[in-house]
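Asks: Sharing data_4.csv below, CSV, C-alpha atoms:
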```csv
chain,number,residue,atom,x,y,z
Y,4,MET,CA,0.0,0.0,0.0
Y,5,ALA,CA,1.4,3.4,-1.0
Y,6,ARG,CA,2.1,6.0,1.7
Y,7,THR,CA,2.9,9.6,1.6
Y,8,ALA,CA,6.3,11.1,2.1
Y,9,GLU,CA,5.2,12.2,5.6
Y,10,SER,CA,5.5,10.1,8.7
Y,11,GLU,CA,3.2,7.1,9.1
Y,12,PRO,CA,-0.2,8.4,10.2
Y,13,THR,CA,-1.9,7.2,13.3
Y,14,ALA,CA,-5.3,5.9,12.3
Y,15,SER,CA,-8.4,6.8,14.3
Y,16,PRO,CA,-10.8,4.1,15.5
Y,17,SER,CA,-13.1,4.8,12.6
Y,18,THR,CA,-10.2,4.3,10.2
Y,19,GLU,CA,-8.9,1.2,11.9
Y,20,ARG,CA,-12.2,-0.5,11.1
Y,21,LEU,CA,-11.4,0.0,7.5
Y,22,LEU,CA,-8.0,-1.6,7.8
Y,23,ILE,CA,-9.6,-5.0,8.2
Y,24,MET,CA,-11.8,-4.6,5.1
Y,25,ASP,CA,-11.4,-7.4,2.6
Y,26,SER,CA,-8.4,-6.2,0.5
Y,27,ARG,CA,-10.1,-7.7,-2.5
Y,28,LYS,CA,-12.9,-5.2,-2.2
Y,29,ARG,CA,-10.6,-2.3,-2.0
Y,30,LEU,CA,-8.7,-3.5,-5.0
Y,31,ARG,CA,-12.0,-3.9,-6.8
Y,32,ILE,CA,-12.9,-0.3,-6.0
Y,33,HIS,CA,-9.5,0.8,-7.4
Y,34,SER,CA,-10.0,-1.2,-10.5
Y,35,LEU,CA,-13.6,0.1,-11.1
Y,36,LEU,CA,-12.8,3.7,-10.5
Y,37,LEU,CA,-9.6,3.8,-12.5
Y,38,ALA,CA,-11.3,2.1,-15.5
Y,39,TRP,CA,-14.1,4.6,-15.3
Y,40,TYR,CA,-11.6,7.5,-15.2
Y,41,ALA,CA,-9.7,6.1,-18.2
Y,42,GLY,CA,-12.9,6.3,-20.3
Y,43,GLU,CA,-14.9,9.2,-18.7
Y,44,GLY,CA,-12.3,11.4,-16.9
Y,45,ARG,CA,-11.8,15.0,-17.8
Y,46,HIS,CA,-8.5,14.4,-19.5
Y,47,TYR,CA,-9.0,17.5,-21.6
Y,48,LEU,CA,-8.3,19.9,-18.7
Y,49,PRO,CA,-5.1,21.7,-19.6
Y,50,TRP,CA,-3.5,21.3,-16.2
Y,51,ARG,CA,-3.7,17.5,-16.7
Y,52,ARG,CA,-1.6,17.8,-19.8
Y,53,THR,CA,1.4,19.1,-18.0
Y,54,ARG,CA,3.7,18.1,-15.2
Y,55,ASP,CA,5.1,21.6,-14.9
Y,56,PRO,CA,5.0,22.3,-11.1
Y,57,TYR,CA,4.5,26.0,-11.6
Y,58,ALA,CA,1.5,25.5,-14.1
Y,59,ILE,CA,0.0,23.0,-11.6
Y,60,LEU,CA,0.4,25.5,-8.8
Y,61,VAL,CA,-1.4,28.2,-10.8
Y,62,ALA,CA,-4.2,25.8,-11.6
Y,63,GLU,CA,-4.6,24.7,-7.9
Y,64,ILE,CA,-4.8,28.3,-6.6
Y,65,MET,CA,-7.3,29.3,-9.3
Y,66,LEU,CA,-9.5,26.2,-8.6
Y,67,GLN,CA,-9.8,27.0,-4.9
Y,68,GLN,CA,-13.5,27.8,-4.4
Y,69,THR,CA,-13.9,28.5,-8.2
Y,70,GLN,CA,-15.6,26.3,-10.7
Y,71,VAL,CA,-13.6,24.7,-13.5
Y,72,GLU,CA,-15.7,26.5,-16.2
Y,73,ARG,CA,-14.6,29.9,-14.8
Y,74,VAL,CA,-11.0,28.9,-14.5
Y,75,LEU,CA,-10.6,27.4,-18.1
Y,76,PRO,CA,-10.6,30.8,-20.0
Y,77,LYS,CA,-8.3,32.5,-17.5
Y,78,TYR,CA,-5.7,29.7,-17.0
Y,79,ALA,CA,-4.0,29.9,-20.4
Y,80,SER,CA,-4.1,33.7,-20.6
Y,81,PHE,CA,-2.5,34.0,-17.1
Y,82,LEU,CA,0.3,31.6,-18.0
Y,83,ASP,CA,0.8,33.4,-21.3
Y,84,ARG,CA,1.3,36.7,-19.4
Y,85,PHE,CA,3.3,35.1,-16.5
Y,86,PRO,CA,5.0,32.0,-18.1
Y,87,THR,CA,7.4,31.3,-15.3
Y,88,ILE,CA,7.8,31.7,-11.6
Y,89,ASP,CA,10.4,34.5,-12.1
Y,90,VAL,CA,8.2,36.5,-14.4
Y,91,LEU,CA,5.3,36.3,-11.9
Y,92,ALA,CA,7.6,37.1,-9.0
Y,93,GLU,CA,9.0,40.2,-10.7
Y,94,ALA,CA,5.6,41.6,-12.1
Y,95,PRO,CA,3.9,44.6,-10.5
Y,96,THR,CA,1.3,43.3,-8.1
Y,97,ALA,CA,-1.3,45.5,-9.7
Y,98,GLU,CA,-0.8,43.7,-13.0
Y,99,VAL,CA,-1.3,40.3,-11.4
Y,100,ILE,CA,-4.5,41.5,-9.8
Y,101,ARG,CA,-5.7,42.8,-13.2
Y,102,ALA,CA,-4.9,39.5,-14.8
Y,103,TRP,CA,-6.9,37.7,-12.1
Y,104,SER,CA,-10.1,39.6,-13.1
Y,105,GLY,CA,-13.1,37.3,-13.3
Y,106,LEU,CA,-11.9,34.6,-10.9
Y,107,GLY,CA,-13.0,36.2,-7.6
Y,108,TYR,CA,-11.3,35.9,-4.3
Y,109,ASN,CA,-8.6,38.4,-5.4
Y,110,LEU,CA,-6.5,37.7,-2.3
Y,111,ARG,CA,-5.4,34.4,-4.1
Y,112,ALA,CA,-3.6,36.5,-6.8
Y,113,VAL,CA,-1.6,38.2,-4.1
Y,114,ARG,CA,-0.8,35.0,-2.3
Y,115,LEU,CA,0.2,33.2,-5.6
Y,116,GLN,CA,2.7,36.0,-6.3
Y,117,GLU,CA,4.0,35.7,-2.7
Y,118,ILE,CA,4.6,32.0,-3.3
Y,119,ALA,CA,6.4,32.8,-6.5
Y,120,ARG,CA,8.7,35.3,-4.8
Y,121,GLN,CA,9.5,32.8,-2.0
Y,122,VAL,CA,10.4,30.1,-4.6
Y,123,SER,CA,12.3,32.5,-6.7
Y,124,GLU,CA,14.4,33.7,-3.8
Y,125,GLY,CA,14.7,30.6,-1.7
Y,126,TYR,CA,14.6,27.7,-4.1
Y,127,ALA,CA,16.3,28.9,-7.2
Y,128,SER,CA,13.0,29.4,-8.9
Y,129,ARG,CA,12.0,25.7,-8.7
Y,130,LEU,CA,9.2,24.5,-6.6
Y,131,PRO,CA,10.5,22.0,-4.0
Y,132,ARG,CA,9.5,18.3,-4.3
Y,133,ARG,CA,9.3,17.5,-0.6
Y,134,LEU,CA,5.9,17.8,1.0
Y,135,ASP,CA,7.3,19.5,4.2
Y,136,GLU,CA,9.1,22.1,2.1
Y,137,LEU,CA,6.0,22.8,0.0
Y,138,ILE,CA,3.9,23.2,3.2
Y,139,ALA,CA,6.5,25.6,4.6
Y,140,LEU,CA,5.8,28.0,1.8
Y,141,LYS,CA,3.5,30.8,3.0
Y,142,GLY,CA,0.1,30.5,1.4
Y,143,VAL,CA,0.5,26.8,0.6
Y,144,GLY,CA,-1.8,24.5,2.7
Y,145,ARG,CA,-1.8,20.7,3.0
Y,146,TYR,CA,-4.1,20.2,0.1
Y,147,THR,CA,-2.2,22.4,-2.4
Y,148,ALA,CA,1.2,20.9,-1.3
Y,149,GLY,CA,-0.2,17.4,-1.7
Y,150,ALA,CA,-1.6,18.2,-5.1
Y,151,ILE,CA,1.7,19.6,-6.4
Y,152,ALA,CA,3.6,16.6,-5.0
Y,153,CYS,CA,1.2,14.1,-6.6
Y,154,PHE,CA,0.2,15.9,-9.9
Y,155,ALA,CA,3.6,17.5,-10.7
Y,156,PHE,CA,6.1,15.1,-9.3
Y,157,GLU,CA,3.8,11.9,-9.3
Y,158,LEU,CA,4.7,11.1,-5.7
Y,159,PRO,CA,2.4,8.7,-3.8
Y,160,VAL,CA,1.0,11.5,-1.7
Y,161,ALA,CA,-2.7,11.6,-0.7
Y,162,THR,CA,-4.6,14.8,-0.5
Y,163,VAL,CA,-8.2,15.7,0.3
Y,164,ASP,CA,-10.4,18.4,-1.3
Y,165,THR,CA,-14.1,18.7,-1.0
Y,166,ASN,CA,-14.9,16.2,-3.8
Y,167,ILE,CA,-12.3,13.6,-2.6
Y,168,ARG,CA,-13.6,13.9,1.0
Y,169,ARG,CA,-17.2,13.3,-0.1
Y,170,VAL,CA,-16.5,10.4,-2.4
Y,171,LEU,CA,-14.1,8.6,0.0
Y,172,TRP,CA,-16.6,9.0,2.9
Y,173,ARG,CA,-19.5,7.6,1.0
Y,174,VAL,CA,-17.6,4.7,-0.6
Y,175,PHE,CA,-15.8,3.5,2.5
Y,176,ARG,CA,-17.9,4.8,5.5
Y,177,GLY,CA,-21.5,5.4,4.4
Y,178,ILE,CA,-23.8,8.4,4.2
Y,179,GLU,CA,-21.9,11.5,5.1
Y,180,PRO,CA,-23.0,14.1,7.7
Y,181,ALA,CA,-25.1,17.0,6.4
Y,182,LEU,CA,-22.6,19.3,8.2
Y,183,TRP,CA,-19.0,18.3,8.0
Y,184,PRO,CA,-17.2,18.2,11.4
Y,185,GLY,CA,-14.3,20.6,11.6
Y,186,GLY,CA,-11.1,20.6,13.6
Y,187,VAL,CA,-7.6,19.2,13.4
Y,188,ARG,CA,-8.6,15.7,14.6
Y,189,GLU,CA,-11.3,15.4,11.9
Y,190,ALA,CA,-8.9,16.6,9.2
Y,191,ARG,CA,-6.3,14.1,10.3
Y,192,ASP,CA,-8.8,11.3,10.3
Y,193,LEU,CA,-9.9,12.1,6.7
Y,194,LEU,CA,-6.3,12.3,5.6
Y,195,SER,CA,-5.7,8.9,7.2
Y,196,LEU,CA,-8.6,7.5,5.2
Y,197,ALA,CA,-7.2,9.0,2.0
Y,198,GLU,CA,-3.8,7.5,2.7
Y,199,TRP,CA,-5.2,4.1,3.4
Y,200,ALA,CA,-7.2,4.1,0.2
Y,201,LEU,CA,-4.3,5.3,-2.0
Y,202,PRO,CA,-3.4,2.8,-4.7
Y,203,GLU,CA,-0.1,2.6,-6.6
Y,204,ASP,CA,-1.3,4.9,-9.3
Y,205,ALA,CA,-1.9,7.8,-7.0
Y,206,TYR,CA,-2.1,10.4,-9.8
Y,207,SER,CA,-5.0,8.8,-11.7
Y,208,TRP,CA,-6.8,7.7,-8.5
Y,209,GLN,CA,-7.0,11.2,-7.1
Y,210,GLN,CA,-8.0,12.8,-10.4
Y,211,ALA,CA,-10.6,10.1,-10.7
Y,212,LEU,CA,-12.0,10.8,-7.2
Y,213,MET,CA,-12.3,14.5,-8.0
Y,214,ASP,CA,-14.0,13.9,-11.4
Y,215,LEU,CA,-16.5,11.4,-9.8
Y,216,GLY,CA,-17.3,14.0,-7.1
Y,217,ALA,CA,-17.7,16.8,-9.7
Y,218,THR,CA,-19.8,14.9,-12.2
Y,219,ILE,CA,-21.7,12.0,-10.5
Y,220,CYS,CA,-21.2,11.8,-6.7
Y,221,LEU,CA,-22.6,15.3,-6.3
Y,222,SER,CA,-23.1,16.9,-3.0
Y,223,ARG,CA,-26.9,17.6,-3.0
Y,224,ARG,CA,-28.2,15.0,-5.4
Y,225,PRO,CA,-25.7,12.3,-6.4
Y,226,LEU,CA,-26.4,10.3,-9.6
Y,227,CYS,CA,-26.0,6.9,-8.0
Y,228,GLU,CA,-27.6,5.1,-11.0
Y,229,ARG,CA,-24.6,6.2,-13.1
Y,230,CYS,CA,-21.9,5.6,-10.6
Y,231,PRO,CA,-19.3,2.9,-11.4
Y,232,LEU,CA,-18.9,2.2,-7.6
Y,233,ALA,CA,-22.6,1.9,-6.7
Y,234,ASP,CA,-22.3,-1.8,-6.0
Y,235,SER,CA,-19.3,-1.3,-3.8
Y,236,CYS,CA,-20.4,1.9,-2.0
Y,237,GLN,CA,-21.2,1.9,1.7
Y,238,ALA,CA,-23.5,4.9,1.4
Y,239,TYR,CA,-25.5,3.2,-1.4
Y,240,ALA,CA,-25.7,0.0,0.7
Y,241,GLU,CA,-26.9,2.0,3.7
Y,242,THR,CA,-29.5,3.7,1.5
Y,243,SER,CA,-30.6,0.3,0.2
Y,244,ARG,CA,-31.3,-0.9,3.8
Y,245,LEU,CA,-33.5,2.1,4.4
Y,246,THR,CA,-35.6,2.0,1.3
Y,247,LEU,CA,-36.8,-0.4,-1.4
Y,248,PHE,CA,-35.9,2.2,-4.0
Y,249,PRO,CA,-32.3,3.4,-3.4
Y,250,SER,CA,-31.2,6.4,-5.3
Y,251,GLY,CA,-29.1,9.5,-5.0
Y,252,GLU,CA,-32.1,11.5,-4.1
Y,253,ALA,CA,-33.0,9.0,-1.3
Y,254,LEU,CA,-29.4,9.1,0.0
Y,255,ALA,CA,-29.6,12.9,0.2
Y,256,GLN,CA,-32.9,12.8,2.0
Y,257,PHE,CA,-31.7,10.3,4.6
Y,258,ARG,CA,-28.6,12.4,5.2
Y,259,ASP,CA,-30.6,15.6,5.8
Y,260,LYS,CA,-33.2,13.8,8.0
Y,261,ARG,CA,-30.4,12.2,10.1
Y,262,GLU,CA,-28.9,15.6,10.7
Y,263,LYS,CA,-32.3,16.9,12.0
Y,264,THR,CA,-33.2,13.8,14.1
Y,265,GLY,CA,-29.8,12.5,15.1
Y,266,ARG,CA,-30.4,9.1,13.5
Y,267,ALA,CA,-31.1,7.5,10.1
Y,268,VAL,CA,-34.8,7.6,9.2
Y,269,ALA,CA,-36.4,4.9,7.1
Y,270,GLU,CA,-38.9,6.0,4.5
Y,271,ASN,CA,-42.6,6.3,5.3
Y,272,ALA,CA,-42.0,6.7,9.1
Y,273,PRO,CA,-45.3,7.2,10.7
Y,274,HIS,CA,-46.3,10.8,11.7
Y,275,TYR,CA,-48.6,11.2,14.7
Y,276,ALA,CA,-50.7,14.3,14.3
Y,277,GLY,CA,-50.9,16.3,17.5
Y,278,ALA,CA,-47.7,14.8,19.0
Y,279,ALA,CA,-45.6,17.1,21.1
Y,280,GLU,CA,-42.7,18.6,19.1
Y,281,SER,CA,-39.3,17.7,20.3
Y,282,PRO,CA,-36.9,20.3,21.6
Y,283,GLN,CA,-34.6,19.4,18.7
Y,284,ALA,CA,-37.3,20.0,16.1
Y,285,SER,CA,-38.2,23.3,17.7
Y,286,GLN,CA,-34.6,24.4,17.6
Y,287,GLN,CA,-34.3,23.3,13.9
Y,288,LYS,CA,-37.4,25.5,13.0
Y,289,ARG,CA,-35.9,28.4,14.8
Y,290,VAL,CA,-32.6,28.0,12.9
Y,291,GLU,CA,-34.5,27.7,9.6
Y,292,ARG,CA,-36.2,31.0,10.3
Y,293,VAL,CA,-32.9,32.8,10.5
Y,294,THR,CA,-31.9,34.2,7.2
Y,295,SER,CA,-28.5,35.4,6.3
Y,296,ALA,CA,-27.8,38.8,4.7
Y,297,PRO,CA,-27.8,38.9,0.9
Y,298,PHE,CA,-24.3,38.5,-0.6
Y,299,THR,CA,-24.5,42.1,-2.1
Y,300,GLN,CA,-24.5,43.4,1.5
Y,301,THR,CA,-21.5,41.5,2.7
Y,302,SER,CA,-18.0,42.8,3.3
Y,303,ARG,CA,-16.7,40.2,0.8
Y,304,TYR,CA,-18.9,41.6,-1.9
Y,305,PHE,CA,-17.7,45.2,-1.3
Y,306,ARG,CA,-14.1,44.1,-1.1
Y,307,GLY,CA,-14.4,42.6,-4.6
Y,308,ARG,CA,-16.2,45.8,-5.8
Y,309,VAL,CA,-13.3,48.0,-4.6
Y,310,VAL,CA,-10.7,45.9,-6.5
Y,311,GLU,CA,-12.9,45.7,-9.6
Y,312,ILE,CA,-13.3,49.5,-9.6
Y,313,LEU,CA,-9.5,50.0,-9.3
Y,314,ARG,CA,-8.8,47.5,-12.0
Y,315,ARG,CA,-10.7,49.7,-14.5
Y,316,LEU,CA,-8.3,52.6,-13.9
Y,317,ALA,CA,-5.2,53.3,-15.9
Y,318,PRO,CA,-2.1,51.9,-14.2
Y,319,GLU,CA,-1.1,55.3,-12.7
Y,320,GLU,CA,-4.6,56.4,-11.8
Y,321,SER,CA,-6.1,56.4,-8.3
Y,322,LEU,CA,-9.2,57.5,-6.5
Y,323,THR,CA,-9.8,59.5,-3.3
Y,324,MET,CA,-11.9,57.8,-0.7
Y,325,ALA,CA,-14.6,60.4,-1.3
Y,326,GLU,CA,-14.7,59.4,-5.0
Y,327,LEU,CA,-14.7,55.7,-4.2
Y,328,GLY,CA,-17.6,55.7,-1.8
Y,329,PRO,CA,-20.4,56.7,-4.2
Y,330,LEU,CA,-19.1,54.2,-6.8
Y,331,LEU,CA,-19.5,51.5,-4.2
Y,332,ARG,CA,-22.9,52.4,-2.8
Y,333,SER,CA,-25.5,54.8,-4.3
Y,334,ASP,CA,-26.6,55.8,-0.8
Y,335,PHE,CA,-23.0,56.6,0.3
Y,336,ALA,CA,-22.9,60.0,2.2
Y,337,GLY,CA,-19.4,61.3,2.6
Y,338,ASP,CA,-20.5,63.6,5.4
Y,339,ALA,CA,-22.0,60.8,7.4
Y,340,PRO,CA,-19.4,59.5,10.0
Y,341,SER,CA,-20.8,56.0,10.0
Y,342,HIS,CA,-20.4,55.7,6.2
Y,343,THR,CA,-16.8,57.0,6.3
Y,344,ALA,CA,-16.0,54.7,9.2
Y,345,TRP,CA,-17.4,51.7,7.2
Y,346,LEU,CA,-15.4,52.6,4.1
Y,347,VAL,CA,-12.2,53.2,6.1
Y,348,LYS,CA,-12.5,49.8,7.7
Y,349,LEU,CA,-13.1,48.1,4.4
Y,350,VAL,CA,-10.1,49.8,2.7
Y,351,GLN,CA,-7.8,49.1,5.7
Y,352,GLY,CA,-8.6,45.4,5.4
Y,353,LEU,CA,-7.7,45.5,1.7
Y,354,VAL,CA,-4.5,47.3,2.5
Y,355,ARG,CA,-3.6,44.8,5.1
Y,356,ASP,CA,-4.1,41.9,2.6
Y,357,GLY,CA,-2.0,43.6,0.0
Y,358,LEU,CA,-4.8,44.2,-2.5
Y,359,VAL,CA,-4.8,48.0,-2.5
Y,360,ARG,CA,-2.3,50.7,-1.4
Y,361,LEU,CA,-2.7,54.1,0.1
Y,362,LEU,CA,-1.2,56.9,-1.8
Y,363,GLU,CA,-0.1,60.4,-0.8
Y,364,THR,CA,-3.0,62.4,0.4
Y,365,ASP,CA,-4.0,65.8,-0.9
Y,366,ALA,CA,-5.8,66.6,2.3
Y,367,PRO,CA,-5.4,70.2,3.7
Y,368,PRO,CA,-2.7,70.2,6.5
Y,369,GLU,CA,-5.3,71.1,9.1
Y,370,SER,CA,-7.7,68.4,8.2
Y,371,SER,CA,-8.5,65.4,10.5
Y,372,GLY,CA,-10.9,62.6,11.0
Y,373,GLU,CA,-13.5,62.2,8.2
Y,374,GLU,CA,-12.1,65.1,6.2
Y,375,PHE,CA,-8.7,63.6,6.3
Y,376,TRP,CA,-9.8,60.2,5.1
Y,377,SER,CA,-12.0,61.6,2.4
Y,378,HIS,CA,-8.8,62.9,0.7
Y,379,ILE,CA,-6.8,59.7,1.0
Y,380,ARG,CA,-6.1,58.3,-2.4
Y,381,ILE,CA,-6.0,54.5,-3.1
Y,382,GLY,CA,-4.9,52.4,-6.0
Y,383,LEU,CA,-3.8,48.9,-6.8
Y,384,PRO,CA,-0.4,47.8,-5.4
```
Would you kindly transcribe this structure into C-alpha cells?
Replies:
Amino acid sequence: MARTAESEPTASPSTERLLIMDSRKRLRIHSLLLAWYAGEGRHYLPWRRTRDPYAILVAEIMLQQTQVERVLPKYASFLDRFPTIDVLAEAPTAEVIRAWSGLGYNLRAVRLQEIARQVSEGYASRLPRRLDELIALKGVGRYTAGAIACFAFELPVATVDTNIRRVLWRVFRGIEPALWPGGVREARDLLSLAEWALPEDAYSWQQALMDLGATICLSRRPLCERCPLADSCQAYAETSRLTLFPSGEALAQFRDKREKTGRAVAENAPHYAGAAESPQASQQKRVERVTSAPFTQTSRYFRGRVVEILRRLAPEESLTMAELGPLLRSDFAGDAPSHTAWLVKLVQGLVRDGLVRLLETDAPPESSGEEFWSHIRIGLP
C-alpha cells in the first residue's frame, strides 16, 4: 500500500475499522474507478496535460472555491502573461490583480505571487518536491502541497479536497454528515482515510476521485444510477437498507433527516398528528427562520467591488476615498461619520491583505478625521 512522504499516520478508531476490510474489495474499487476514469475522466483539462509544477500550482490556486468553467478561459491567458515563476515574482502586483479579473477571491492572486517570490528567492525558482518544504511556503496548505507533490512530481501523496472527501466517505464509510465536522482531529482522520485508500497509481486515482465527485457523486443529489462504484459503495448500501428504491435523491434525504433527528430515518416513518414537538425539532425550526444577509450586503462583496473599480483605472490612476464611496454604494454619504468609518475599515482590510495601497493624500494640512480620510487616495499595489 502506497504511503505519503510524511511520517506514518496514526489511524483513528473509525479508520482502523477500514483496515480489516477485505483487501479484494478495496482492489475492486480501485479497478472500477480507474477504469471509469480512463474512459470518462476530464483528461481535456489543460493542467492535466502538463507536469510543470508552476503550471499546476497556478491551476490549484485558481481552482480554490472556483468552478472549472470559470478557470478554463483564465488559465491559459494567465500563463501566457506570467509563463514562469520568475516572471510572476517580478511583475507589478497591480498587473497580477488585473490578470486575475473574473476569478473572484482576489487575495489568491496576491498569495500566488508571494509564493512565486519565495520560490524565486529561496529555491532557485524551482518548486520543491518534498511535502514538508511545500507546506513551509507561506500560502500553501496541506491540500495544495499534496496536489503539487502528486500531480507535478507523481509522488504517492494523498490529498483531500471537497470532492475527494465526499467520495471517500460515501464509498468507505457510508452516508456523510449533512454538516461536516471541523477541527484538526477530523482533518487528520480524513487524511488517514485518503492515505489508506491510495493505490499505486496515486495520480490517476485522485484525479478520478475529483472527477467522480464533480460529475456523479454530487453533494446535493448524487447520480447513483450512473456511478461505477454503486455496488461497492457503503453509502448506497446503507440507503438500500432504508428504502426499497435506493437512489441518490434518497441518499440525500436520509442524510438531511439524520442531521435533524440524530439518526437515520427509514422511508414512510409514521407521523402522529398532535404529538408534542421535540426540543430538537423546535430548535431546527428556529434555525431555519434565521436568514443570512444577501451577498450584495457582505464585506466580501464590497471588497471585490473595490478591487474591480480600481482594475478599471489606468495603471497610474487612483481615487480618493470620497470618490470611491459613491461608486460602491448609491446611498453613500461622505459627510456621514458611519459611512466614512465603514469605508475606512473596508479599505484598511484590503491594504492589510496587499490588495490595494494608500497613496499620498492631498488633504489640507489642518484636516483630520472624516475630512482627512475623504482625501486619501487609493490604487492597486
Asks: Which neighbours of Val354 (chain Y) fall inside 12 Å, counting only C-alpha atoms, when residues of the same chain fewer than 3 positions from it are skipped, and could you give them as a list in words?
Replies: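 So the residues in contact are Leu110, Val113, Arg306, Val309, Val310, Val347, Lys348, Leu349, Val350, Gln351, Gly357, Leu358, Val359, Arg360, Leu361, Leu362, Ile381, Gly382, Leu383 and Pro384 of chain Y.
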Asks: Let me make sure I understand: among Y:Ala79, Y:Leu194, Y:Ile118, Y:Ala112, which one has the smallest atom-to-atom distance to Asp356 (chain Y) if we use only C-alpha atoms?
Replies: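 Once distances to Asp356 (chain Y) are computed over only C-alpha atoms, the minimum belongs to Y:Ala112.
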Asks: Determine, counting only C-alpha atoms, every residue of protein, DNA or RNA that lies within 10 Å of (-3.8, 27.3, -9.5) in the file coordinates, then give the result as a list in words.
Replies: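 Every polymer residue passing the test: Trp50, Tyr57, Ala58, Ile59, Leu60, Val61, Ala62, Glu63, Ile64, Met65, Leu66, Gln67, Val74, Tyr78, Arg111, Ala112, Leu115, Thr147 and Ile151 of chain Y.
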Asks: Ranking Y:Gly105, Y:Gly185, Y:Pro225, Y:Pro202 by minimum distance to Pro159 (chain Y) and counting only C-alpha atoms, which one comes first?
Replies: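 So, comparing all the options, the nearest one is Y:Pro202.
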Asks: List the spatial neighbours of Pro329 (chain Y) as a list in words - criterion: any atom at most 12 Å away, all atoms listed in the file, same-chain residues fewer than 3 positions off excluded.
Replies: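 Contacts, with the query itself left out: Arg308, Val309, Ile312, Leu322, Thr323, Met324, Ala325, Glu326, Arg332, Ser333, Asp334, Phe335, Ala336, Gly337, Asp338, His342, Thr343, Leu346 and Ser377 of chain Y.
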Asks: Under the rule that all atoms listed in the file are counted, which of Y:Leu201, Y:Ala38, Y:Leu215, Y:Ile100 is the nearest residue to Gly307 (chain Y)?
Replies: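 Smallest distance to Gly307 (chain Y) is found for Y:Ile100.
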